[in-house]
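Enquirer: One file is attached below, entry.cif, containing mmCIF, C-alpha atoms.
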```cif
data_upload
loop_
_atom_site.label_atom_id
_atom_site.label_comp_id
_atom_site.auth_asym_id
_atom_site.auth_seq_id
_atom_site.Cartn_x
_atom_site.Cartn_y
_atom_site.Cartn_z
CA MET A 1 18.03 -11.30 83.26
CA LYS A 2 20.18 -9.19 80.96
CA LYS A 3 20.80 -12.21 78.71
CA ILE A 4 17.08 -12.90 78.53
CA LEU A 5 16.30 -9.31 77.51
CA THR A 6 19.04 -9.41 74.90
CA PHE A 7 17.66 -12.68 73.49
CA ILE A 8 14.12 -11.28 73.33
CA LEU A 9 15.39 -8.14 71.57
CA LEU A 10 17.31 -10.27 69.05
CA ILE A 11 14.26 -12.43 68.30
CA THR A 12 12.11 -9.31 67.87
CA LEU A 13 14.55 -7.77 65.41
CA LEU A 14 14.82 -10.98 63.42
CA ALA A 15 11.04 -11.32 63.27
CA ALA A 16 10.66 -7.73 62.16
CA GLY A 17 13.23 -8.25 59.43
CA SER A 18 11.37 -11.30 58.14
CA ILE A 19 8.10 -9.42 57.64
CA PRO A 20 7.86 -8.33 53.99
CA ALA A 21 7.17 -4.71 53.27
CA ALA A 22 3.57 -3.90 52.42
CA ALA A 23 2.88 -4.07 48.68
CA GLN A 24 2.26 -0.81 46.86
CA THR A 25 -1.21 -0.60 45.35
CA LEU A 26 -1.77 0.61 41.79
CA LYS A 27 -5.36 1.44 40.84
CA VAL A 28 -5.95 1.04 37.12
CA GLY A 29 -9.25 1.66 35.34
CA ALA A 30 -10.21 -0.54 32.41
CA THR A 31 -13.12 -1.70 30.29
CA PRO A 32 -13.83 -5.42 30.76
CA ARG A 33 -12.65 -6.98 27.48
CA PRO A 34 -9.87 -7.21 26.54
CA HIS A 35 -8.34 -4.56 28.80
CA ALA A 36 -9.29 -5.83 32.27
CA GLU A 37 -8.56 -9.41 31.20
CA ILE A 38 -5.04 -8.44 30.15
CA LEU A 39 -4.43 -6.52 33.37
CA ASN A 40 -5.65 -9.43 35.50
CA LEU A 41 -3.24 -11.70 33.62
CA ILE A 42 -0.22 -9.74 34.88
CA LYS A 43 -1.36 -9.33 38.49
CA PRO A 44 0.89 -12.16 39.74
CA ASP A 45 3.91 -10.75 37.91
CA LEU A 46 3.46 -7.34 39.50
CA ALA A 47 2.90 -8.90 42.91
CA GLU A 48 6.37 -10.44 42.62
CA VAL A 49 7.88 -6.95 42.39
CA GLY A 50 5.84 -5.55 45.28
CA ILE A 51 2.90 -4.06 43.40
CA ASN A 52 -0.70 -4.90 44.21
CA LEU A 53 -2.62 -4.25 40.99
CA GLU A 54 -6.22 -3.25 41.61
CA VAL A 55 -8.26 -3.36 38.40
CA ILE A 56 -11.33 -1.12 38.48
CA GLU A 57 -13.76 -1.84 35.65
CA PHE A 58 -15.72 0.85 33.82
CA THR A 59 -18.45 0.45 31.22
CA ASP A 60 -18.21 3.95 29.75
CA TYR A 61 -15.48 5.98 28.04
CA VAL A 62 -15.81 9.17 30.10
CA GLN A 63 -15.29 8.31 33.74
CA PRO A 64 -11.91 6.52 33.46
CA ASN A 65 -10.15 9.66 32.20
CA LEU A 66 -11.90 11.95 34.66
CA ALA A 67 -11.04 9.60 37.54
CA LEU A 68 -7.42 9.48 36.38
CA ALA A 69 -7.16 13.27 36.17
CA GLU A 70 -8.70 13.65 39.64
CA GLY A 71 -6.24 11.20 41.20
CA ASP A 72 -8.72 8.41 41.91
CA LEU A 73 -6.79 6.17 39.51
CA ASP A 74 -3.07 5.79 38.92
CA ALA A 75 -3.59 4.85 35.27
CA ASN A 76 -6.19 3.60 32.85
CA TYR A 77 -6.19 1.20 29.92
CA PHE A 78 -9.19 1.31 27.60
CA GLN A 79 -8.65 3.82 24.79
CA HIS A 80 -6.66 4.52 21.65
CA ILE A 81 -4.44 7.55 21.16
CA PRO A 82 -6.84 9.79 19.14
CA TYR A 83 -9.55 9.37 21.77
CA LEU A 84 -7.12 10.13 24.60
CA GLU A 85 -5.81 13.24 22.87
CA ASN A 86 -9.23 14.57 21.87
CA PHE A 87 -10.77 13.89 25.28
CA SER A 88 -7.83 15.52 27.06
CA LYS A 89 -8.09 18.58 24.83
CA ASP A 90 -11.87 18.92 25.22
CA HIS A 91 -11.74 18.53 29.02
CA ARG A 92 -8.42 20.34 29.55
CA LEU A 93 -6.75 17.33 31.12
CA ASP A 94 -3.00 16.82 31.27
CA LEU A 95 -2.84 13.13 30.35
CA THR A 96 -0.40 11.11 28.28
CA TYR A 97 0.55 7.45 27.81
CA THR A 98 3.47 5.19 28.65
CA ALA A 99 2.83 1.98 26.69
CA LYS A 100 1.28 1.07 23.33
CA VAL A 101 -0.26 -2.32 23.99
CA HIS A 102 -2.70 -3.54 21.35
CA ILE A 103 -4.75 -2.70 18.29
CA GLU A 104 -8.20 -3.89 17.31
CA PRO A 105 -7.07 -3.59 13.72
CA MET A 106 -8.59 -2.44 10.50
CA GLY A 107 -7.35 -4.48 7.56
CA ALA A 108 -7.31 -4.66 3.79
CA TYR A 109 -9.01 -7.71 2.26
CA SER A 110 -9.42 -9.00 -1.25
CA ASP A 111 -10.94 -11.92 -3.15
CA LYS A 112 -8.73 -11.12 -6.14
CA LEU A 113 -5.32 -10.11 -4.82
CA GLN A 114 -2.76 -12.00 -2.77
CA LYS A 115 -0.55 -9.17 -1.53
CA ALA A 116 -0.33 -5.36 -1.53
CA GLU A 117 2.12 -5.43 -4.43
CA ASP A 118 -0.64 -6.90 -6.64
CA ILE A 119 -2.64 -3.65 -6.52
CA LYS A 120 -2.62 -2.30 -10.07
CA GLN A 121 -3.36 0.95 -11.85
CA GLY A 122 -6.99 1.95 -11.52
CA ALA A 123 -7.81 -0.62 -8.81
CA HIS A 124 -11.25 -0.26 -7.20
CA ILE A 125 -11.09 0.12 -3.41
CA ALA A 126 -14.06 0.19 -1.02
CA ILE A 127 -13.78 2.04 2.29
CA PRO A 128 -16.24 2.92 5.09
CA ASN A 129 -18.38 5.98 4.47
CA ASP A 130 -18.34 7.39 8.02
CA THR A 131 -15.80 10.03 9.01
CA VAL A 132 -13.94 8.10 11.69
CA ASN A 133 -13.54 4.80 9.86
CA GLY A 134 -13.18 6.38 6.43
CA GLY A 135 -10.27 8.47 7.64
CA ARG A 136 -8.77 5.48 9.36
CA ALA A 137 -8.97 3.44 6.13
CA LEU A 138 -7.25 6.19 4.16
CA LEU A 139 -4.48 6.42 6.74
CA LEU A 140 -3.94 2.68 6.39
CA LEU A 141 -3.60 3.07 2.61
CA GLU A 142 -1.22 5.97 3.13
CA ALA A 143 0.92 3.86 5.48
CA GLN A 144 1.31 1.39 2.61
CA GLY A 145 2.49 4.17 0.30
CA LEU A 146 -0.53 3.84 -2.00
CA ILE A 147 -1.78 7.40 -1.54
CA LYS A 148 -0.73 10.60 0.18
CA LEU A 149 -3.10 12.70 2.27
CA ASP A 150 -3.12 16.37 3.12
CA PRO A 151 -1.40 16.42 6.54
CA ALA A 152 -3.89 19.01 7.74
CA ALA A 153 -6.74 16.50 7.36
CA GLY A 154 -5.57 14.38 10.27
CA ILE A 155 -7.61 11.38 11.38
CA THR A 156 -10.80 12.69 9.76
CA ALA A 157 -9.41 12.66 6.22
CA THR A 158 -11.76 11.98 3.29
CA VAL A 159 -11.09 11.07 -0.34
CA LEU A 160 -11.13 14.80 -1.03
CA ASP A 161 -7.96 15.10 1.07
CA ILE A 162 -5.96 12.77 -1.18
CA VAL A 163 -3.15 14.89 -2.65
CA SER A 164 -1.27 12.09 -4.42
CA ASN A 165 -2.76 8.99 -6.05
CA PRO A 166 -0.09 7.58 -8.38
CA LEU A 167 -2.05 4.40 -9.19
CA ARG A 168 -5.23 6.39 -9.88
CA LEU A 169 -7.11 4.24 -7.40
CA LYS A 170 -10.90 4.47 -7.53
CA PHE A 171 -12.84 4.67 -4.30
CA SER A 172 -16.32 3.63 -3.25
CA GLU A 173 -17.56 4.74 0.17
CA LEU A 174 -20.00 2.27 1.70
CA GLU A 175 -21.57 1.40 5.03
CA ALA A 176 -18.88 -0.31 7.09
CA ALA A 177 -21.06 -3.37 7.74
CA GLN A 178 -21.57 -3.89 4.00
CA LEU A 179 -17.90 -4.02 3.04
CA PRO A 180 -17.34 -7.81 3.37
CA ARG A 181 -20.26 -8.39 1.00
CA VAL A 182 -18.73 -6.33 -1.82
CA LEU A 183 -15.40 -8.18 -1.88
CA PRO A 184 -16.36 -10.02 -5.11
CA ASP A 185 -17.08 -6.68 -6.80
CA VAL A 186 -13.97 -4.67 -5.86
CA ASP A 187 -10.24 -5.22 -5.90
CA LEU A 188 -9.80 -4.36 -2.24
CA ALA A 189 -11.93 -3.44 0.76
CA ILE A 190 -10.78 -1.87 4.02
CA ILE A 191 -12.80 -3.56 6.75
CA ASN A 192 -13.14 -3.10 10.52
CA THR A 193 -12.14 -6.18 12.49
CA ASN A 194 -15.56 -6.82 14.00
CA PHE A 195 -17.20 -6.95 10.58
CA ALA A 196 -14.31 -8.99 9.15
CA LEU A 197 -14.70 -11.59 11.90
CA GLU A 198 -18.45 -11.78 11.36
CA ALA A 199 -17.74 -12.57 7.71
CA GLY A 200 -15.34 -15.36 8.65
CA LEU A 201 -12.19 -13.40 7.88
CA ASP A 202 -9.11 -13.62 10.10
CA PRO A 203 -7.13 -10.35 10.31
CA LEU A 204 -3.88 -12.20 10.93
CA SER A 205 -4.09 -14.64 8.03
CA ASP A 206 -6.54 -13.15 5.52
CA ALA A 207 -5.67 -9.45 5.46
CA LEU A 208 -3.23 -8.28 2.81
CA PHE A 209 -2.12 -5.72 5.37
CA ILE A 210 -3.44 -4.47 8.68
CA GLU A 211 -2.76 -1.64 11.06
CA GLY A 212 0.47 -2.06 12.97
CA SER A 213 2.24 -0.33 15.83
CA GLU A 214 2.50 2.85 13.74
CA SER A 215 -1.28 3.17 13.74
CA PRO A 216 -2.65 6.07 15.82
CA TYR A 217 -5.41 3.71 16.98
CA VAL A 218 -3.17 1.76 19.35
CA ASN A 219 -4.76 1.15 22.75
CA VAL A 220 -2.50 2.62 25.43
CA LEU A 221 -1.81 2.78 29.14
CA ALA A 222 -2.77 6.35 30.05
CA VAL A 223 -1.28 8.25 32.99
CA ARG A 224 -1.12 11.79 34.30
CA SER A 225 1.72 13.67 32.60
CA SER A 226 3.22 14.46 36.00
CA ASP A 227 3.51 10.72 36.72
CA VAL A 228 5.17 9.63 33.50
CA ASP A 229 8.47 8.80 35.25
CA ARG A 230 7.02 6.88 38.21
CA GLU A 231 8.86 3.62 38.83
CA ASP A 232 5.72 1.63 39.65
CA LEU A 233 4.06 2.73 36.41
CA ALA A 234 7.21 1.80 34.51
CA LYS A 235 6.94 -1.71 35.95
CA LEU A 236 3.29 -1.86 34.91
CA SER A 237 4.19 -0.77 31.39
CA GLU A 238 6.95 -3.37 31.23
CA ALA A 239 4.53 -6.11 32.30
CA LEU A 240 1.99 -5.06 29.68
CA LEU A 241 4.64 -5.25 26.97
CA SER A 242 5.87 -8.70 27.95
CA ASP A 243 5.97 -11.88 25.87
CA LYS A 244 3.39 -13.30 28.25
CA VAL A 245 0.87 -10.63 27.26
CA LYS A 246 1.70 -10.95 23.57
CA GLU A 247 1.16 -14.71 23.63
CA PHE A 248 -2.09 -14.31 25.58
CA ILE A 249 -3.49 -11.77 23.11
CA LEU A 250 -2.64 -13.93 20.11
CA ALA A 251 -4.11 -17.07 21.69
CA GLU A 252 -7.17 -15.55 23.34
CA TYR A 253 -8.70 -13.18 20.80
CA GLY A 254 -8.32 -14.92 17.48
CA GLY A 255 -7.06 -11.90 15.56
CA SER A 256 -9.66 -9.43 16.79
CA VAL A 257 -6.97 -7.98 19.03
CA VAL A 258 -3.36 -7.75 17.86
CA PRO A 259 -0.25 -6.86 19.89
CA ALA A 260 1.28 -3.52 19.00
CA PHE A 261 4.76 -4.44 20.22
#
```
Go ahead and express the file in the form of structure tokens.
Expert:
Amino acid sequence: MKKILTFILLITLLAAGSIPAAAQTLKVGATPRPHAEILNLIKPDLAEVGINLEVIEFTDYVQPNLALAEGDLDANYFQHIPYLENFSKDHRLDLTYTAKVHIEPMGAYSDKLQKAEDIKQGAHIAIPNDTVNGGRALLLLEAQGLIKLDPAAGITATVLDIVSNPLRLKFSELEAAQLPRVLPDVDLAIINTNFALEAGLDPLSDALFIEGSESPYVNVLAVRSSDVDREDLAKLSEALLSDKVKEFILAEYGGSVVPAF
């Protein structure tokens, strides 16, 4: 009898040891495209390290940050850095980010020039005339060393905030949607990706230069500041910055989305 009880106890212990520990669930909010698609791509990879990734889709830009701050989400992935910072400030939320994943880039296009070095004295450059995109275009030009902006202007800089213009560049401010149409009439136009694609332009092959990882408009994985060192979120960040994700972005979105890593 004693041997039988010992055998049963041994079998029970072995069976218990063979049962895998329950996977940890991470709830991440995202807008459908491309964010949720990218997250769903890495679900199997996270499952292999014991994380069950639950992607919760949102169709607005307000609720994902509020849900994150309230603890209903562990992270979210839908926004670029300026939006995250402004929203957090306006709503007094303590949010930050752990991974810079992708950019939906603004680029510089030309029918006359082949590379940035071809830009000459007095070149005529067209940029969007709205505050957000106009400032973004000027920051792109500044990143190329073509102009210098008043640091106090931030992301809402205008041509009036240019403090150094060594090439004496001339600027025209136009409706963003019209910029591809004026390419024959200017030396360079700074164009949003959606309008570039509609005009048959490819940001990866046709742009003289585009926003890169230094751009403040990188889409990020946002988390609560108190959670920035969580191991499970570190694994999520690592998966988002993998070669698998980079290759998927390049293959899937045809230049409208560009890896930032």
Enquirer: Quick one: which residues end up in the PyMOL selection byres ((chain A and resi 129) around 7) for this structure, as a JSON list (two decimals) with C-alpha atoms, keeping the file's coordinate frame?
Expert:
```json
[["chain", "number", "residue", "atom", "x", "y", "z"],
["A", 127, "ILE", "CA", -13.78, 2.04, 2.29],
["A", 128, "PRO", "CA", -16.24, 2.92, 5.09],
["A", 130, "ASP", "CA", -18.34, 7.39, 8.02],
["A", 131, "THR", "CA", -15.80, 10.03, 9.01],
["A", 134, "GLY", "CA", -13.18, 6.38, 6.43],
["A", 173, "GLU", "CA", -17.56, 4.74, 0.17],
["A", 174, "LEU", "CA", -20.00, 2.27, 1.70],
["A", 175, "GLU", "CA", -21.57, 1.40, 5.03],
["A", 176, "ALA", "CA", -18.88, -0.31, 7.09]]
```
Enquirer: Name the residues in contact with A:Glu70 at a cut-off of 12 Å, using all atoms listed in the file, excluding same-chain residues fewer than 2 positions from it; report them as a ChimeraX atom specification.
Expert: /A:63-68,72-75,93-95,223-224
Enquirer: Up to 7 Å from (-8.9, -0.6, -10.3) in the file's coordinates: name the residues, counting only C-alpha atoms, as a short mmCIF file (atom, residue, chain, number, x, y, z; two decimals) with C-alpha atoms, in the coordinates of the input.
Expert:
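File selection.cif, as written:
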```cif
data_model
loop_
_atom_site.label_atom_id
_atom_site.label_comp_id
_atom_site.auth_asym_id
_atom_site.auth_seq_id
_atom_site.Cartn_x
_atom_site.Cartn_y
_atom_site.Cartn_z
CA LYS A 120 -2.62 -2.30 -10.07
CA GLN A 121 -3.36 0.95 -11.85
CA GLY A 122 -6.99 1.95 -11.52
CA ALA A 123 -7.81 -0.62 -8.81
CA HIS A 124 -11.25 -0.26 -7.20
CA LEU A 169 -7.11 4.24 -7.40
CA LYS A 170 -10.90 4.47 -7.53
CA ASP A 187 -10.24 -5.22 -5.90
#
```
Enquirer: To one decimal place, how far is atom CA of A:Pro203 from atom CA of A:Asn133 in Å?
Expert: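 About the pair atom CA of A:Pro203 and atom CA of A:Asn133: they are 16.5 Å apart.
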Enquirer: Take the point (-1.6, -3.1, 22.4) in the file's coordinates, draw a sphere of radius 6 Å around it, and report as a ChimeraX atom specification every protein, DNA or RNA residue with an atom inside or on it, counting all atoms listed in the file.
Expert: /A:100-103,218-219,259-260
Enquirer: One number please: atom CA of A:Ala239 to atom CA of A:Leu26, in Å, one decimal.
Expert: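 Between these atoms lies a distance of 13.2 Å.
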Enquirer: If the PyMOL selection byres ((chain A and resi 36-45) around 12) were run on this exact file, what residues would it hold? Put them as a PDB file with C-alpha atoms, keeping the file's coordinate frame.
Expert:
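Ended up saving to result03.pdb:
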```
ATOM      1  CA  THR A  25      -1.210  -0.600  45.350  1.00  0.00           C
ATOM      2  CA  LEU A  26      -1.770   0.610  41.790  1.00  0.00           C
ATOM      3  CA  LYS A  27      -5.360   1.440  40.840  1.00  0.00           C
ATOM      4  CA  VAL A  28      -5.950   1.040  37.120  1.00  0.00           C
ATOM      5  CA  GLY A  29      -9.250   1.660  35.340  1.00  0.00           C
ATOM      6  CA  ALA A  30     -10.210  -0.540  32.410  1.00  0.00           C
ATOM      7  CA  THR A  31     -13.120  -1.700  30.290  1.00  0.00           C
ATOM      8  CA  PRO A  32     -13.830  -5.420  30.760  1.00  0.00           C
ATOM      9  CA  ARG A  33     -12.650  -6.980  27.480  1.00  0.00           C
ATOM     10  CA  PRO A  34      -9.870  -7.210  26.540  1.00  0.00           C
ATOM     11  CA  HIS A  35      -8.340  -4.560  28.800  1.00  0.00           C
ATOM     12  CA  LEU A  46       3.460  -7.340  39.500  1.00  0.00           C
ATOM     13  CA  ALA A  47       2.900  -8.900  42.910  1.00  0.00           C
ATOM     14  CA  GLU A  48       6.370 -10.440  42.620  1.00  0.00           C
ATOM     15  CA  VAL A  49       7.880  -6.950  42.390  1.00  0.00           C
ATOM     16  CA  GLY A  50       5.840  -5.550  45.280  1.00  0.00           C
ATOM     17  CA  ILE A  51       2.900  -4.060  43.400  1.00  0.00           C
ATOM     18  CA  ASN A  52      -0.700  -4.900  44.210  1.00  0.00           C
ATOM     19  CA  LEU A  53      -2.620  -4.250  40.990  1.00  0.00           C
ATOM     20  CA  GLU A  54      -6.220  -3.250  41.610  1.00  0.00           C
ATOM     21  CA  VAL A  55      -8.260  -3.360  38.400  1.00  0.00           C
ATOM     22  CA  ILE A  56     -11.330  -1.120  38.480  1.00  0.00           C
ATOM     23  CA  GLU A  57     -13.760  -1.840  35.650  1.00  0.00           C
ATOM     24  CA  PHE A  58     -15.720   0.850  33.820  1.00  0.00           C
ATOM     25  CA  THR A  59     -18.450   0.450  31.220  1.00  0.00           C
ATOM     26  CA  ALA A  75      -3.590   4.850  35.270  1.00  0.00           C
ATOM     27  CA  ASN A  76      -6.190   3.600  32.850  1.00  0.00           C
ATOM     28  CA  TYR A  77      -6.190   1.200  29.920  1.00  0.00           C
ATOM     29  CA  PHE A  78      -9.190   1.310  27.600  1.00  0.00           C
ATOM     30  CA  VAL A 101      -0.260  -2.320  23.990  1.00  0.00           C
ATOM     31  CA  HIS A 102      -2.700  -3.540  21.350  1.00  0.00           C
ATOM     32  CA  LEU A 221      -1.810   2.780  29.140  1.00  0.00           C
ATOM     33  CA  LYS A 235       6.940  -1.710  35.950  1.00  0.00           C
ATOM     34  CA  LEU A 236       3.290  -1.860  34.910  1.00  0.00           C
ATOM     35  CA  SER A 237       4.190  -0.770  31.390  1.00  0.00           C
ATOM     36  CA  GLU A 238       6.950  -3.370  31.230  1.00  0.00           C
ATOM     37  CA  ALA A 239       4.530  -6.110  32.300  1.00  0.00           C
ATOM     38  CA  LEU A 240       1.990  -5.060  29.680  1.00  0.00           C
ATOM     39  CA  LEU A 241       4.640  -5.250  26.970  1.00  0.00           C
ATOM     40  CA  SER A 242       5.870  -8.700  27.950  1.00  0.00           C
ATOM     41  CA  ASP A 243       5.970 -11.880  25.870  1.00  0.00           C
ATOM     42  CA  LYS A 244       3.390 -13.300  28.250  1.00  0.00           C
ATOM     43  CA  VAL A 245       0.870 -10.630  27.260  1.00  0.00           C
ATOM     44  CA  LYS A 246       1.700 -10.950  23.570  1.00  0.00           C
ATOM     45  CA  GLU A 247       1.160 -14.710  23.630  1.00  0.00           C
ATOM     46  CA  PHE A 248      -2.090 -14.310  25.580  1.00  0.00           C
ATOM     47  CA  ILE A 249      -3.490 -11.770  23.110  1.00  0.00           C
ATOM     48  CA  LEU A 250      -2.640 -13.930  20.110  1.00  0.00           C
ATOM     49  CA  GLU A 252      -7.170 -15.550  23.340  1.00  0.00           C
ATOM     50  CA  TYR A 253      -8.700 -13.180  20.800  1.00  0.00           C
ATOM     51  CA  VAL A 257      -6.970  -7.980  19.030  1.00  0.00           C
ATOM     52  CA  PRO A 259      -0.250  -6.860  19.890  1.00  0.00           C
TER      53      PRO A 259
END
```
Enquirer: Using all atoms listed in the file for the distances, tell me which of A:Leu84, A:Val186, A:Val258, A:Leu146 is nearest to A:Glu117.
Expert: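 The answer is A:Leu146, which sits nearest to A:Glu117.
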Enquirer: Identify all residues satisfying the PyMOL selection byres ((chain A and resi 151) around 12) in the given file; provide them as number ranges by chain.
Expert: A: 135, 139, 142, 148-150, 152-158, 161-164
Enquirer: Restricting the output to C-alpha atoms, write the selected residues as a PDB file, in the frame of the given file.
Expert:
```pdb
ATOM      1  CA  GLY A 135     -10.270   8.470   7.640  1.00  0.00           C
ATOM      2  CA  LEU A 139      -4.480   6.420   6.740  1.00  0.00           C
ATOM      3  CA  GLU A 142      -1.220   5.970   3.130  1.00  0.00           C
ATOM      4  CA  LYS A 148      -0.730  10.600   0.180  1.00  0.00           C
ATOM      5  CA  LEU A 149      -3.100  12.700   2.270  1.00  0.00           C
ATOM      6  CA  ASP A 150      -3.120  16.370   3.120  1.00  0.00           C
ATOM      7  CA  ALA A 152      -3.890  19.010   7.740  1.00  0.00           C
ATOM      8  CA  ALA A 153      -6.740  16.500   7.360  1.00  0.00           C
ATOM      9  CA  GLY A 154      -5.570  14.380  10.270  1.00  0.00           C
ATOM     10  CA  ILE A 155      -7.610  11.380  11.380  1.00  0.00           C
ATOM     11  CA  THR A 156     -10.800  12.690   9.760  1.00  0.00           C
ATOM     12  CA  ALA A 157      -9.410  12.660   6.220  1.00  0.00           C
ATOM     13  CA  THR A 158     -11.760  11.980   3.290  1.00  0.00           C
ATOM     14  CA  ASP A 161      -7.960  15.100   1.070  1.00  0.00           C
ATOM     15  CA  ILE A 162      -5.960  12.770  -1.180  1.00  0.00           C
ATOM     16  CA  VAL A 163      -3.150  14.890  -2.650  1.00  0.00           C
ATOM     17  CA  SER A 164      -1.270  12.090  -4.420  1.00  0.00           C
TER      18      SER A 164
END
```
Enquirer: Residues within 10 Å of A:Lys112, please, as a list of chain:residue names. Count all atoms listed in the file; anything in the same chain fewer than 5 positions from it doesn't count.
Expert: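 Returned residues: A:Asp118, A:Ile119, A:Leu183, A:Pro184, A:Asp185, A:Val186, A:Asp187, A:Leu188.
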Enquirer: Figure out the distance between atom CA of A:Ser88 and atom CA of A:Asp60, please, to one decimal in Å.
Expert: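 Answer for the atom CA of A:Asp60 to atom CA of A:Ser88 separation: 15.8 Å.
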Enquirer: With all atoms listed in the file as the atoms that count, which of A:Pro105, A:Tyr97, A:Gln114, A:Leu201 lies nearest to A:Asp229?
Expert: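 The closest residue to A:Asp229 is A:Tyr97.
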Enquirer: Which of these residues is nearest to A:Ser172, using only C-alpha atoms: A:Gly254, A:Ile125, A:Ile81, A:Ala199?
Expert: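 Selected residue with least distance to A:Ser172: A:Ile125.
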